>>> print(open('run_2.cif').read())   # mmCIF, C-alpha atoms
data_work
loop_
_atom_site.label_atom_id
_atom_site.label_comp_id
_atom_site.auth_asym_id
_atom_site.auth_seq_id
_atom_site.Cartn_x
_atom_site.Cartn_y
_atom_site.Cartn_z
CA MET U 1 6.15 -20.33 -3.93
CA GLU U 2 6.60 -21.70 -0.45
CA ARG U 3 3.53 -22.79 1.44
CA PHE U 4 3.35 -23.00 5.18
CA PHE U 5 0.76 -25.37 6.57
CA ARG U 6 0.11 -24.90 10.26
CA SER U 7 -2.39 -27.10 11.95
CA GLY U 8 -2.75 -29.24 15.05
CA LEU U 9 -2.46 -26.22 17.37
CA LYS U 10 -4.09 -26.87 20.72
CA GLU U 11 -3.85 -23.68 22.72
CA LYS U 12 -6.72 -21.22 22.50
CA THR U 13 -5.55 -17.79 21.35
CA PRO U 14 -7.11 -14.85 23.17
CA ARG U 15 -8.78 -12.20 21.06
CA GLY U 16 -8.14 -8.51 21.40
CA VAL U 17 -4.71 -8.60 23.04
CA CYS U 18 -1.50 -6.65 22.59
CA ASN U 19 1.39 -8.70 21.28
CA LYS U 20 4.54 -7.37 22.96
CA PRO U 21 7.35 -7.70 20.40
CA GLY U 22 10.05 -7.73 23.06
CA ASN U 23 8.85 -11.10 24.39
CA SER U 24 9.43 -13.09 21.23
CA PRO U 25 11.79 -13.54 18.28
CA LYS U 26 11.38 -11.10 15.45
CA GLY U 27 8.30 -11.75 13.35
CA HIS U 28 6.90 -14.42 15.67
CA PRO U 29 4.24 -14.05 18.36
CA PRO U 30 5.02 -14.97 21.96
CA ASP U 31 3.87 -18.25 23.46
CA GLY U 32 0.13 -18.47 23.79
CA HIS U 33 -0.45 -15.70 21.24
CA SER U 34 -0.19 -17.71 18.03
CA SER U 35 -1.93 -15.79 15.28
CA VAL U 36 -3.42 -18.92 13.75
CA THR U 37 -4.37 -20.88 16.85
CA ASP U 38 -7.82 -19.39 17.04
CA LEU U 39 -8.41 -20.09 13.37
CA ALA U 40 -7.27 -23.66 13.69
CA ASN U 41 -9.69 -24.22 16.53
CA SER U 42 -12.68 -22.35 15.17
CA LEU U 43 -12.56 -22.80 11.40
CA THR U 44 -12.64 -25.85 9.15
CA GLY U 45 -9.88 -26.55 6.65
CA ASP U 46 -6.12 -26.07 6.82
CA MET U 47 -4.57 -22.69 7.28
CA VAL U 48 -2.30 -21.85 4.34
CA MET U 49 0.36 -19.22 5.03
CA LEU U 50 1.60 -17.80 1.74
CA SER U 51 4.93 -16.11 1.18
CA PRO U 52 6.67 -14.70 -1.90
CA GLY U 53 8.75 -17.87 -2.20
CA SER U 54 12.19 -16.50 -1.47
CA GLU U 55 14.59 -18.94 0.14
CA ASP U 56 15.34 -16.37 2.82
CA ASP U 57 11.68 -15.59 3.50
CA ASP U 58 10.12 -17.12 6.58
CA GLY U 59 6.56 -16.34 5.50
CA GLU U 60 6.31 -13.52 8.04
CA GLY U 61 6.54 -10.52 5.70
CA PRO U 62 4.39 -8.75 3.13
CA ILE U 63 5.06 -9.18 -0.56
CA SER U 64 7.35 -6.52 -2.00
CA GLU U 65 4.91 -4.77 -4.26
CA LYS U 66 6.04 -3.48 -7.64
CA LEU U 67 5.13 0.17 -8.02
CA GLY U 68 5.89 0.60 -11.70
CA ARG U 69 8.48 2.90 -13.23
CA ILE U 70 8.84 6.37 -14.69
CA GLN U 71 10.74 7.76 -17.69
CA PHE U 72 12.15 11.28 -17.60
CA SER U 73 14.93 13.43 -19.05
CA VAL U 74 17.28 15.88 -17.30
CA GLY U 75 19.67 18.48 -18.73
CA TYR U 76 21.32 21.81 -17.84
CA SER U 77 21.83 24.85 -20.06
CA PHE U 78 24.95 26.79 -19.05
CA GLN U 79 23.95 29.63 -21.36
CA ASP U 80 20.56 30.18 -19.67
CA SER U 81 21.45 28.84 -16.18
CA THR U 82 18.36 26.62 -16.48
CA LEU U 83 17.73 23.02 -15.49
CA THR U 84 15.26 21.26 -17.79
CA VAL U 85 13.27 18.25 -16.62
CA LYS U 86 10.97 16.37 -18.97
CA ILE U 87 8.44 13.95 -17.50
CA LEU U 88 7.81 11.49 -20.29
CA LYS U 89 5.72 8.51 -19.17
CA GLY U 90 4.97 5.86 -16.58
CA GLN U 91 4.61 2.12 -16.92
CA GLU U 92 2.79 -0.58 -14.95
CA LEU U 93 1.63 1.71 -12.18
CA PRO U 94 -0.44 -0.01 -9.48
CA ALA U 95 -4.19 0.49 -9.20
CA LYS U 96 -4.93 2.71 -6.21
CA ASP U 97 -8.69 3.02 -6.73
CA PHE U 98 -11.02 0.12 -6.00
CA SER U 99 -12.32 0.51 -9.57
CA GLY U 100 -9.03 -1.12 -10.63
CA THR U 101 -7.20 1.90 -12.02
CA SER U 102 -5.45 5.14 -11.00
CA ASP U 103 -5.43 8.83 -11.94
CA PRO U 104 -1.66 9.51 -11.82
CA PHE U 105 0.26 12.77 -11.84
CA VAL U 106 3.83 13.73 -10.91
CA LYS U 107 5.16 16.31 -8.46
CA LEU U 108 8.69 17.67 -8.94
CA TYR U 109 11.01 19.23 -6.34
CA LEU U 110 14.65 20.26 -6.19
CA LEU U 111 15.48 19.16 -2.67
CA PRO U 112 16.09 20.36 -0.06
CA ASP U 113 13.65 23.08 -1.22
CA LYS U 114 10.10 21.73 -0.83
CA LYS U 115 8.30 25.08 -0.93
CA HIS U 116 8.48 25.36 -4.69
CA LYS U 117 6.99 22.42 -6.55
CA LEU U 118 5.87 21.76 -10.09
CA GLU U 119 3.43 19.09 -11.20
CA THR U 120 2.12 17.44 -14.33
CA LYS U 121 -1.46 17.14 -15.45
CA VAL U 122 -3.56 14.25 -14.15
CA LYS U 123 -4.00 11.31 -16.52
CA ARG U 124 -7.41 9.81 -15.81
CA LYS U 125 -7.83 6.05 -15.41
CA ASN U 126 -4.42 5.19 -16.79
CA LEU U 127 -1.77 2.81 -15.45
CA ASN U 128 0.61 3.55 -18.35
CA PRO U 129 0.36 7.33 -18.65
CA HIS U 130 2.12 9.53 -21.21
CA TRP U 131 2.73 13.03 -19.86
CA ASN U 132 5.38 14.46 -22.21
CA GLU U 133 5.62 17.67 -20.18
CA THR U 134 8.67 19.95 -19.85
CA PHE U 135 9.58 21.89 -16.70
CA LEU U 136 12.20 24.62 -16.35
CA PHE U 137 14.07 25.56 -13.19
CA GLU U 138 15.45 28.94 -14.23
CA GLY U 139 18.17 31.12 -12.73
CA PHE U 140 20.14 28.28 -11.10
CA PRO U 141 23.95 28.57 -11.20
CA TYR U 142 25.54 25.25 -12.05
CA GLU U 143 27.25 25.05 -8.65
CA LYS U 144 23.87 25.35 -6.92
CA VAL U 145 22.23 22.78 -9.22
CA ARG U 146 24.85 20.19 -8.31
CA GLU U 147 23.90 20.63 -4.65
CA ARG U 148 20.29 19.71 -5.33
CA THR U 149 18.44 16.40 -5.59
CA LEU U 150 15.75 15.96 -8.21
CA TYR U 151 12.77 14.39 -6.44
CA LEU U 152 9.83 12.98 -8.41
CA GLN U 153 6.73 11.73 -6.63
CA VAL U 154 3.96 9.92 -8.51
CA LEU U 155 0.53 10.23 -6.91
CA ASP U 156 -3.00 9.07 -7.57
CA PHE U 157 -5.37 12.05 -7.74
CA ASP U 158 -8.44 11.82 -5.52
CA ARG U 159 -11.10 14.50 -5.84
CA PHE U 160 -12.75 13.82 -2.48
CA SER U 161 -9.84 12.98 -0.18
CA ARG U 162 -6.08 13.12 0.14
CA ASN U 163 -4.12 12.10 -2.96
CA ASP U 164 -2.58 8.64 -2.58
CA PRO U 165 1.22 8.34 -3.03
CA ILE U 166 2.22 5.70 -5.58
CA GLY U 167 6.00 5.90 -5.55
CA GLU U 168 9.02 8.16 -5.72
CA VAL U 169 12.43 8.62 -7.36
CA SER U 170 15.36 10.69 -6.08
CA ILE U 171 18.34 11.67 -8.25
CA PRO U 172 21.27 13.59 -6.68
CA LEU U 173 22.27 15.85 -9.57
CA ASN U 174 25.96 15.68 -8.65
CA LYS U 175 25.81 11.98 -9.58
CA LEU U 176 25.05 12.78 -13.22
CA SER U 177 28.29 12.79 -15.20
CA ASP U 178 27.21 14.92 -18.16
CA LEU U 179 24.48 17.25 -16.98
CA GLY U 180 25.21 19.62 -19.88
CA HIS U 181 23.38 17.26 -22.24
CA MET U 182 19.83 15.94 -21.95
CA GLN U 183 19.87 12.40 -20.56
CA THR U 184 16.87 10.07 -20.44
CA PHE U 185 16.31 7.57 -17.64
CA TRP U 186 13.94 4.78 -16.67
CA LYS U 187 13.71 4.45 -12.89
CA GLU U 188 11.77 1.98 -10.76
CA LEU U 189 9.47 3.70 -8.29
CA LYS U 190 10.17 3.15 -4.61
CA PRO U 191 7.69 3.39 -1.72
CA CYS U 192 7.06 6.99 -0.69
CA MET U 193 8.63 7.83 2.64
CA ASP U 194 7.66 11.50 2.43
CA GLY U 195 5.90 12.42 5.66
CA ALA U 196 4.02 9.20 6.24
CA GLY U 197 6.74 6.55 6.36
CA ARG U 198 5.74 2.96 6.97
CA ARG U 199 2.32 2.41 8.47
CA GLY U 200 2.75 -1.19 9.58
CA ASP U 201 1.59 -4.59 8.34
CA LEU U 202 -1.63 -6.56 8.74
CA LEU U 203 -2.01 -10.34 8.64
CA VAL U 204 -5.30 -11.27 6.99
CA SER U 205 -6.84 -14.63 6.14
CA LEU U 206 -9.46 -15.11 3.42
CA CYS U 207 -11.76 -18.08 2.94
CA TYR U 208 -14.14 -18.46 -0.02
CA ASN U 209 -17.06 -20.87 0.25
CA PRO U 210 -18.70 -21.23 -3.19
CA THR U 211 -21.55 -23.33 -1.81
CA ALA U 212 -22.60 -20.76 0.78
CA ASN U 213 -21.59 -17.80 -1.45
CA THR U 214 -19.52 -16.31 1.36
CA ILE U 215 -16.09 -14.77 1.84
CA THR U 216 -14.87 -14.93 5.43
CA VAL U 217 -12.26 -12.33 6.33
CA ASN U 218 -10.13 -13.10 9.38
CA ILE U 219 -8.31 -10.13 10.86
CA ILE U 220 -5.49 -11.94 12.64
CA LYS U 221 -2.93 -9.43 13.86
CA ALA U 222 -0.94 -6.32 13.01
CA ARG U 223 2.66 -5.36 13.65
CA ASN U 224 4.71 -2.18 13.80
CA LEU U 225 1.70 0.09 13.44
CA LYS U 226 2.38 3.79 13.10
CA ALA U 227 1.99 5.64 16.40
CA MET U 228 -0.82 8.17 16.02
CA ASP U 229 -1.07 9.47 19.60
CA ILE U 230 1.17 11.97 21.38
CA GLY U 231 2.31 9.28 23.81
CA GLY U 232 3.92 7.29 20.99
CA THR U 233 1.25 4.60 20.69
CA SER U 234 -2.17 3.96 19.11
CA ASP U 235 -5.56 2.46 20.02
CA PRO U 236 -6.12 0.37 16.90
CA TYR U 237 -9.22 -1.29 15.54
CA VAL U 238 -10.02 -2.57 12.05
CA LYS U 239 -12.96 -1.50 9.91
CA LEU U 240 -14.14 -3.55 6.91
CA TRP U 241 -16.37 -2.45 4.04
CA LEU U 242 -17.83 -4.81 1.45
CA MET U 243 -18.07 -2.89 -1.83
CA HIS U 244 -19.93 -3.74 -5.04
CA LYS U 245 -18.56 -1.53 -7.81
CA ASP U 246 -18.61 1.91 -6.12
CA LYS U 247 -21.43 1.12 -3.69
CA ARG U 248 -20.95 0.30 0.00
CA ILE U 249 -22.85 -2.87 0.89
CA GLU U 250 -21.91 -3.90 4.42
CA LYS U 251 -19.69 -2.62 7.24
CA LYS U 252 -18.06 -4.54 10.11
CA LYS U 253 -15.31 -3.80 12.64
CA THR U 254 -13.14 -5.38 15.31
CA VAL U 255 -12.74 -4.46 18.95
CA THR U 256 -10.38 -1.64 19.89
CA ILE U 257 -7.10 -2.58 21.56
CA LYS U 258 -5.74 0.14 23.81
CA CYS U 259 -2.17 1.47 23.64
CA CYS U 260 -0.79 -1.16 21.27
CA LEU U 261 1.26 -1.12 18.08
CA ASN U 262 1.30 -4.94 17.68
CA PRO U 263 -2.33 -5.97 18.32
CA VAL U 264 -3.72 -9.50 17.99
CA PHE U 265 -7.36 -9.43 16.90
CA ASN U 266 -8.29 -12.94 15.67
CA GLU U 267 -11.78 -11.89 14.60
CA SER U 268 -13.74 -13.41 11.71
CA PHE U 269 -16.26 -11.63 9.50
CA PRO U 270 -18.37 -13.49 6.91
CA PHE U 271 -19.67 -11.54 3.91
CA GLU U 272 -22.31 -12.83 1.50
CA VAL U 273 -20.92 -12.52 -2.02
CA PRO U 274 -22.85 -14.23 -4.85
CA ALA U 275 -20.64 -15.75 -7.53
CA HIS U 276 -21.88 -13.44 -10.28
CA VAL U 277 -20.63 -10.30 -8.48
CA LEU U 278 -17.21 -11.60 -7.39
CA ARG U 279 -15.36 -9.75 -10.15
CA GLU U 280 -16.98 -6.47 -9.12
CA THR U 281 -16.42 -6.97 -5.38
CA THR U 282 -13.83 -5.17 -3.26
CA ILE U 283 -13.19 -5.56 0.46
CA ILE U 284 -11.67 -2.42 1.95
CA ILE U 285 -9.82 -3.06 5.22
CA THR U 286 -8.87 0.05 7.20
CA VAL U 287 -6.80 0.06 10.38
CA MET U 288 -7.99 2.97 12.53
CA ASP U 289 -6.73 4.70 15.66
CA LYS U 290 -9.58 5.26 18.14
CA ASP U 291 -9.72 8.77 19.60
CA ARG U 292 -12.22 9.65 22.32
CA LEU U 293 -11.96 13.41 21.95
CA SER U 294 -11.65 13.88 18.20
CA ARG U 295 -12.12 12.16 14.89
CA ASN U 296 -10.58 8.70 14.57
CA ASP U 297 -7.37 8.61 12.52
CA VAL U 298 -6.66 6.31 9.58
CA ILE U 299 -3.43 4.36 10.09
CA GLY U 300 -3.54 2.51 6.77
CA LYS U 301 -5.68 0.63 4.26
CA ILE U 302 -5.82 -2.51 2.13
CA TYR U 303 -8.01 -2.97 -0.96
CA LEU U 304 -8.67 -6.66 -1.61
CA SER U 305 -10.09 -7.61 -5.01
CA TRP U 306 -9.10 -9.26 -8.27
CA LYS U 307 -7.96 -5.89 -9.69
CA SER U 308 -6.14 -4.12 -6.83
CA GLY U 309 -2.36 -3.97 -6.36
CA PRO U 310 -0.17 -7.03 -7.08
CA ALA U 311 -0.03 -8.28 -3.47
CA GLU U 312 -3.79 -7.90 -3.02
CA VAL U 313 -4.59 -9.56 -6.35
CA LYS U 314 -2.32 -12.47 -5.47
CA HIS U 315 -4.16 -13.02 -2.18
CA TRP U 316 -7.55 -12.80 -3.91
CA LYS U 317 -6.57 -15.31 -6.58
CA ASP U 318 -5.07 -17.68 -4.00
CA MET U 319 -8.34 -17.50 -2.08
CA MET U 320 -10.35 -18.34 -5.19
CA GLY U 321 -7.98 -21.17 -6.08
CA ARG U 322 -8.30 -22.79 -2.63
CA PRO U 323 -12.02 -22.80 -1.77
CA ARG U 324 -12.98 -23.60 1.83
CA THR U 325 -9.37 -23.02 2.93
CA ASN U 326 -8.16 -20.16 5.09
CA VAL U 327 -5.43 -18.45 3.08
CA ALA U 328 -3.35 -16.01 5.13
CA GLN U 329 -1.01 -13.30 3.88
CA TRP U 330 0.77 -10.25 5.28
CA HIS U 331 -0.10 -6.90 3.70
CA ALA U 332 1.74 -3.58 4.03
CA LEU U 333 -0.72 -0.87 5.01
CA LYS U 334 -1.02 2.03 2.56
CA ALA U 335 -2.06 5.64 2.84
#
>>> encode(input="run_2.cif", output="structure tokens")
Amino acid sequence: MERFFRSGLKEKTPRGVCNKPGNSPKGHPPDGHSSVTDLANSLTGDMVMLSPGSEDDDGEGPISEKLGRIQFSVGYSFQDSTLTVKILKGQELPAKDFSGTSDPFVKLYLLPDKKHKLETKVKRKNLNPHWNETFLFEGFPYEKVRERTLYLQVLDFDRFSRNDPIGEVSIPLNKLSDLGHMQTFWKELKPCMDGAGRRGDLLVSLCYNPTANTITVNIIKARNLKAMDIGGTSDPYVKLWLMHKDKRIEKKKTVTIKCCLNPVFNESFPFEVPAHVLRETTIIITVMDKDRLSRNDVIGKIYLSWKSGPAEVKHWKDMMGRPRTNVAQWHALKA
């Protein structure tokens, strides 16, 4: 792992400004808009910028999160003109709920047709689900089947809101050499680009003070946020919830920055978290688009705890392992 220590900065960074990406090299703020200047001036301890540790990584990107994998079988019956798809199981799926688990199910399509979909049953609280379900696409001539792409999307079922995408797999059927026999595959899940696409990244710093029983969350800046308004921009602000188990404890939020997809916030929020509830604590960070005339839109979320996704867990553990130090990390926003 590479560590980036940045201290000794003298210029005061303004809060609540729009960082124009065209004025600076890729991934770096323009002069006078350093994302850590304000922290260096206002907080004690060194600022530690963590990266995945790749030689080519400059510390300015989110960790590539592993989304798990899925096992399935595909085969075609020439006699019945039927494509058979068996969804077998998933492995090492990420936790999408702040309780530290997921309720996964799988949707199946034969692209480009998205009107007709099939889906598995939901497996409750299971990151290694076994579905063992068989699906038949009947009445498909072989020539038509070879023009289709088998698309599998794994989602986390949510009873009260929109289901959260976990990952996807696409298999062009003309790439399979022997479709006349059932073939079984393991495929790594890739980020879902269906509809939502990328939502942007958020740079967050965490600081744990065991003496004061506090976690200070620093919302530093965001980049490449998804445009939510008709004019091709957004009015972003960040909302934070401190959660204990499933209960909301405390809410805080940043200022709103108008017409900006690369906002610099540099706002700090201390939360009181006694040591005995740390393992049951989650901090939900939501980037919102402010709308004066209608309901505010969610751009993306982060769930920080010891049992969230791999990137979030890494940040949480690094925070715990470096008390009284501001530990910063980029996070990809999720649906």
>>> resolve_selection(input="run_2.cif", expression="the PyMOL selection byres ((chain U and resi 276-279) around 9)", output="PyMOL selection string")
chain U and resi 244+273-275+280-282+305-307
>>> axis_aligned_box(input="run_2.cif", around="segment 214-221 of chain U", padding_each_side="3 Å", output="JSON")
{"center_x": -11.2, "center_y": -12.9, "center_z": 7.6, "size_x": 22.6, "size_y": 12.9, "size_z": 18.5}
>>> resolve_selection(input="run_2.cif", expression="the PyMOL selection byres ((chain U and resi 315) around 10)", output="PyMOL selection string")
chain U and resi 50+204-206+304-306+310-314+316-321+327-331
>>> atom_distance(input="run_2.cif", atom1="atom CA of Lys115 of chain U", atom2="atom CA of Asp297 of chain U")
26.4 Å
>>> resolve_selection(input="run_2.cif", expression="the PyMOL selection byres ((chain U and resi 262-267) around 6)", output="list in words")
Arg15, Gly16, Val17, Cys18, Asn19, Asn218, Ile219, Ile220, Lys221, Ala222, Arg223, Asn224, Cys260, Leu261 and Ser268 of chain U
>>> atom_distance(input="run_2.cif", atom1="atom CA of Gly75 of chain U", atom2="atom CA of His116 of chain U")
19.2 Å
>>> residues_around(input="run_2.cif", residues="Ile249 of chain U", least_positions_apart="6", cutoff="12 Å", atoms="all atoms listed in the file", output="VMD selection string")
chain U and resid 240 to 243 271 to 273 281 to 284
>>> atom_distance(input="run_2.cif", atom1="atom CA of Asn128 of chain U", atom2="atom CA of Leu333 of chain U")
23.8 Å
>>> residues_around(input="run_2.cif", residues="Val169 of chain U", least_positions_apart="3", cutoff="6 Å", atoms="all atoms listed in the file", output="PDB file with C-alpha atoms, keeping the file's coordinate frame")
ATOM      1  CA  TYR U 151      12.770  14.390  -6.440  1.00  0.00           C
ATOM      2  CA  LEU U 152       9.830  12.980  -8.410  1.00  0.00           C
ATOM      3  CA  LEU U 189       9.470   3.700  -8.290  1.00  0.00           C
TER       4      LEU U 189
END
